[in-house]
Amino acid sequence: MATRTITLFALCLAVYVVSASPIKKQQLRSVLKTNTEHQKIKRAPPVIPRFPTFPPTTVKYGDSCSRELDGICRDSCLENENNIGGGCSGSQVCCKDDGDARGDPHYTSFDGKRFASQGKCSYILTQDSVNTPADWKIVVHNEEGLHNGRTVSLVSFVDVDIKGILITFGPGDTVKVDGNPVKPDEYVFGNDDLHLMRAINNKLKFYFKGYFDVLFDGEHKVDVNLTPLLANKVCGLLGNNDEDPSNDFMMPDGTVTTKRDEFIASWQDGDC
């Protein structure tokens with residue numbers, strides 16, 4: 001009986017050892033694996049972030065090619081652009097698109113197309129063509145008057161409308177903001193992107209930073225200068241600014257006409 005008890009005890013002990021051994025080996029493997037991974041993490045080299053590098057801009061923002069003027073540096077200006085001075089590296093010049101209405105009035109589009117009009121209404125000179133309704137627009141108001149002894153249509157005043165803010169240039173140095181007379185050298189919009197000032201030759205100037213500036217001489221001449229940002233993003237009497245004067249007589253519906261009067265009438269703003 002004692003012999004059987006000892007044998008049975010030995011057999012149970014053997015079974016325990018056999019069944020327990022795989023668990024210990026598995027635990028050992030787990031511990032070794034954890035330690036190995038920990039050692040790998042400790043030995044990993046530090047991560048050094050790599051930042052993208054950009055080529056230096058060719059524009060040196062000086063007095064003649066400042067952020068307010070927003071010109072573009074070229075070896076030479078395109079036919080429809082004006083050289084507005086230095087501020088560029090090397091022999092490059094600072095260029096800017098220009099369109100205007102003057103005299104009785106004669107128009108020059110941003111792409112250099114010239115034409116005349118005797119319309120005595122209000123017309124959209126240029127406006128934003130990307131958004132509907134337009135975020136901004138510049139309107140000229142033409143009236144009958146004497147010019148060089150002739151009765152002709154003349155630019156009498158100019159409206160610049162930017163998202164509901166209305167700036168009006170009138171005869172002489174008359175300026176109004178939302179219908180209220182202001183002094184251009186003193187008025188502050190409360191927005192760093194909008195500025196009103198007196199420019200060279202006593203012209204009144206308004207500029208929308210990054211987009212355009214408008215100059216009015218207080219008589220019958222208005223100049224509009226666009227930044228490169230507005231290439232092919234405008235419409236109106238001064239064209240679409242795509243460096244192609246052949247399609248400048250584009251009407252609001254996108255149709256290009258060869259008839260000057262039809263083109264001008266299509267950009268009438270309100271009733272005469």
# chains A, B, ... in the order shown; residues from 1 in each chain; ligands from 1
>>> residues_around(residues="Val139 (chain A)", least_positions_apart="5", cutoff="10 Å", atoms="only C-alpha atoms", output="ChimeraX atom specification")
/A:122-127,157-161,168,236-237,267-269
>>> write_last_selection(atoms="N, CA, C and O atoms", output="short mmCIF file (atom, residue, chain, number, x, y, z; two decimals), in the first residue's frame")
data_model
loop_
_atom_site.label_atom_id
_atom_site.label_comp_id
_atom_site.auth_asym_id
_atom_site.auth_seq_id
_atom_site.Cartn_x
_atom_site.Cartn_y
_atom_site.Cartn_z
N SER A 122 -23.34 104.64 -66.01
CA SER A 122 -22.37 104.06 -65.09
C SER A 122 -21.97 102.69 -65.62
O SER A 122 -22.83 101.91 -66.05
N TYR A 123 -20.67 102.38 -65.55
CA TYR A 123 -20.17 101.14 -66.13
C TYR A 123 -19.20 100.46 -65.16
O TYR A 123 -18.45 101.13 -64.43
N ILE A 124 -19.22 99.12 -65.17
CA ILE A 124 -18.27 98.36 -64.36
C ILE A 124 -16.93 98.39 -65.07
O ILE A 124 -16.77 97.78 -66.13
N LEU A 125 -16.00 99.10 -64.48
CA LEU A 125 -14.67 99.19 -65.07
C LEU A 125 -13.96 97.85 -64.92
O LEU A 125 -13.40 97.32 -65.88
N THR A 126 -13.97 97.30 -63.73
CA THR A 126 -13.44 95.96 -63.49
C THR A 126 -14.02 95.44 -62.19
O THR A 126 -14.42 96.21 -61.31
N GLN A 127 -14.07 94.12 -62.07
CA GLN A 127 -14.59 93.50 -60.86
C GLN A 127 -14.07 92.08 -60.71
O GLN A 127 -13.54 91.49 -61.65
N PHE A 157 -17.08 110.66 -61.66
CA PHE A 157 -16.64 110.14 -60.37
C PHE A 157 -16.53 108.62 -60.43
O PHE A 157 -16.99 107.98 -61.38
N VAL A 158 -15.87 108.07 -59.42
CA VAL A 158 -15.54 106.64 -59.41
C VAL A 158 -15.97 106.02 -58.08
O VAL A 158 -15.73 106.60 -57.01
N ASP A 159 -16.60 104.86 -58.15
CA ASP A 159 -16.98 104.11 -56.95
C ASP A 159 -16.13 102.85 -56.84
O ASP A 159 -15.97 102.12 -57.82
N VAL A 160 -15.62 102.60 -55.64
CA VAL A 160 -14.93 101.34 -55.35
C VAL A 160 -15.72 100.66 -54.24
O VAL A 160 -15.84 101.18 -53.13
N ASP A 161 -16.28 99.51 -54.55
CA ASP A 161 -17.13 98.79 -53.60
C ASP A 161 -16.45 97.48 -53.21
O ASP A 161 -16.21 96.62 -54.05
N THR A 168 -15.93 106.58 -52.68
CA THR A 168 -16.29 107.38 -53.86
C THR A 168 -15.30 108.51 -54.06
O THR A 168 -15.08 109.32 -53.16
N GLY A 236 -14.99 93.05 -66.98
CA GLY A 236 -15.47 94.43 -67.06
C GLY A 236 -14.91 95.12 -68.30
O GLY A 236 -14.37 94.47 -69.20
N LEU A 237 -15.03 96.44 -68.34
CA LEU A 237 -14.55 97.20 -69.50
C LEU A 237 -13.05 97.06 -69.71
O LEU A 237 -12.57 97.20 -70.84
N TRP A 267 -21.81 96.08 -69.92
CA TRP A 267 -21.23 96.34 -68.59
C TRP A 267 -21.83 97.57 -67.93
O TRP A 267 -21.27 98.08 -66.96
N GLN A 268 -22.98 98.01 -68.41
CA GLN A 268 -23.68 99.12 -67.76
C GLN A 268 -24.11 98.69 -66.36
O GLN A 268 -24.61 97.59 -66.15
N ASP A 269 -23.92 99.56 -65.40
CA ASP A 269 -24.24 99.27 -63.99
C ASP A 269 -25.47 100.09 -63.59
O ASP A 269 -25.37 101.29 -63.31
#
>>> residues_around(residues="Glu143 (chain A)", least_positions_apart="3", cutoff="8 Å", atoms="only C-alpha atoms", output="PyMOL selection string")
chain A and resi 120-121+153-156
>>> select_by_dssp(residues="region 163-215 of chain A", states="strand (DSSP E)", output="PyMOL selection string")
chain A and resi 165-169+175-177+180-181+194-198+204-208+212-215
>>> residues_around(residues="Asn131 (chain A)", least_positions_apart="6", cutoff="12 Å", atoms="only C-alpha atoms", output="PyMOL selection string")
chain A and resi 137+163+233-235
>>> write_last_selection(atoms="N, CA and C atoms", output="PDB file, in the first residue's frame")
ATOM      1  N   LYS A 137     -15.874  95.577 -56.790  1.00  0.00           N
ATOM      2  CA  LYS A 137     -16.007  96.103 -58.140  1.00  0.00           C
ATOM      3  C   LYS A 137     -15.672  97.581 -58.152  1.00  0.00           C
ATOM      4  N   LYS A 163     -17.087  94.523 -50.631  1.00  0.00           N
ATOM      5  CA  LYS A 163     -17.923  93.834 -49.652  1.00  0.00           C
ATOM      6  C   LYS A 163     -18.759  94.810 -48.822  1.00  0.00           C
ATOM      7  N   LYS A 233      -8.715  86.751 -63.460  1.00  0.00           N
ATOM      8  CA  LYS A 233      -9.713  86.646 -62.397  1.00  0.00           C
ATOM      9  C   LYS A 233     -10.558  87.909 -62.287  1.00  0.00           C
ATOM     10  N   VAL A 234     -10.598  88.683 -63.381  1.00  0.00           N
ATOM     11  CA  VAL A 234     -11.388  89.916 -63.394  1.00  0.00           C
ATOM     12  C   VAL A 234     -12.203  89.984 -64.677  1.00  0.00           C
ATOM     13  N   CYS A 235     -13.162  90.902 -64.690  1.00  0.00           N
ATOM     14  CA  CYS A 235     -13.960  91.134 -65.893  1.00  0.00           C
ATOM     15  C   CYS A 235     -14.471  92.564 -65.850  1.00  0.00           C
TER      16      CYS A 235
END
>>> closest_atom_pairs(of="region 192-233 of chain A", to="region 169-179 of chain A", cutoff="12 Å", atoms="only C-alpha atoms", output="JSON lines")
{"residue": "A:Leu194", "atom": "CA", "partner": "A:Val177", "partner_atom": "CA", "distance": 12.0}
{"residue": "A:His195", "atom": "CA", "partner": "A:Val177", "partner_atom": "CA", "distance": 11.8}
{"residue": "A:Leu196", "atom": "CA", "partner": "A:Val175", "partner_atom": "CA", "distance": 9.4}
{"residue": "A:Met197", "atom": "CA", "partner": "A:Val175", "partner_atom": "CA", "distance": 10.2}
{"residue": "A:Arg198", "atom": "CA", "partner": "A:Asp173", "partner_atom": "CA", "distance": 9.0}
{"residue": "A:Ala199", "atom": "CA", "partner": "A:Asp173", "partner_atom": "CA", "distance": 11.5}
{"residue": "A:Asn201", "atom": "CA", "partner": "A:Asp173", "partner_atom": "CA", "distance": 11.9}
{"residue": "A:Asn202", "atom": "CA", "partner": "A:Asp173", "partner_atom": "CA", "distance": 8.5}
{"residue": "A:Lys203", "atom": "CA", "partner": "A:Asp173", "partner_atom": "CA", "distance": 8.0}
{"residue": "A:Leu204", "atom": "CA", "partner": "A:Asp173", "partner_atom": "CA", "distance": 6.9}
{"residue": "A:Lys205", "atom": "CA", "partner": "A:Phe169", "partner_atom": "CA", "distance": 9.2}
{"residue": "A:Phe206", "atom": "CA", "partner": "A:Phe169", "partner_atom": "CA", "distance": 9.5}
{"residue": "A:Val214", "atom": "CA", "partner": "A:Phe169", "partner_atom": "CA", "distance": 9.8}
{"residue": "A:Leu215", "atom": "CA", "partner": "A:Phe169", "partner_atom": "CA", "distance": 9.1}
{"residue": "A:Phe216", "atom": "CA", "partner": "A:Phe169", "partner_atom": "CA", "distance": 7.0}
{"residue": "A:Asp217", "atom": "CA", "partner": "A:Gly172", "partner_atom": "CA", "distance": 7.6}
{"residue": "A:Gly218", "atom": "CA", "partner": "A:Gly172", "partner_atom": "CA", "distance": 4.2}
{"residue": "A:Glu219", "atom": "CA", "partner": "A:Pro171", "partner_atom": "CA", "distance": 5.8}
{"residue": "A:His220", "atom": "CA", "partner": "A:Pro171", "partner_atom": "CA", "distance": 8.4}
{"residue": "A:Lys221", "atom": "CA", "partner": "A:Pro171", "partner_atom": "CA", "distance": 10.7}
{"residue": "A:Val222", "atom": "CA", "partner": "A:Phe169", "partner_atom": "CA", "distance": 9.7}
>>> closest_residue(among="A:Thr258, A:Asn241, A:Ser266, A:Thr151", to="Thr227 (chain A)", atoms="only C-alpha atoms")
A:Asn241
>>> closest_residue(among="A:Ala116, A:Met251, A:Ile165, A:Ala231", to="Ile138 (chain A)", atoms="only C-alpha atoms")
A:Ile165
>>> atom_distance(atom1="CA of Ser129 (chain A)", atom2="CA of Thr257 (chain A)")
18.1 Å
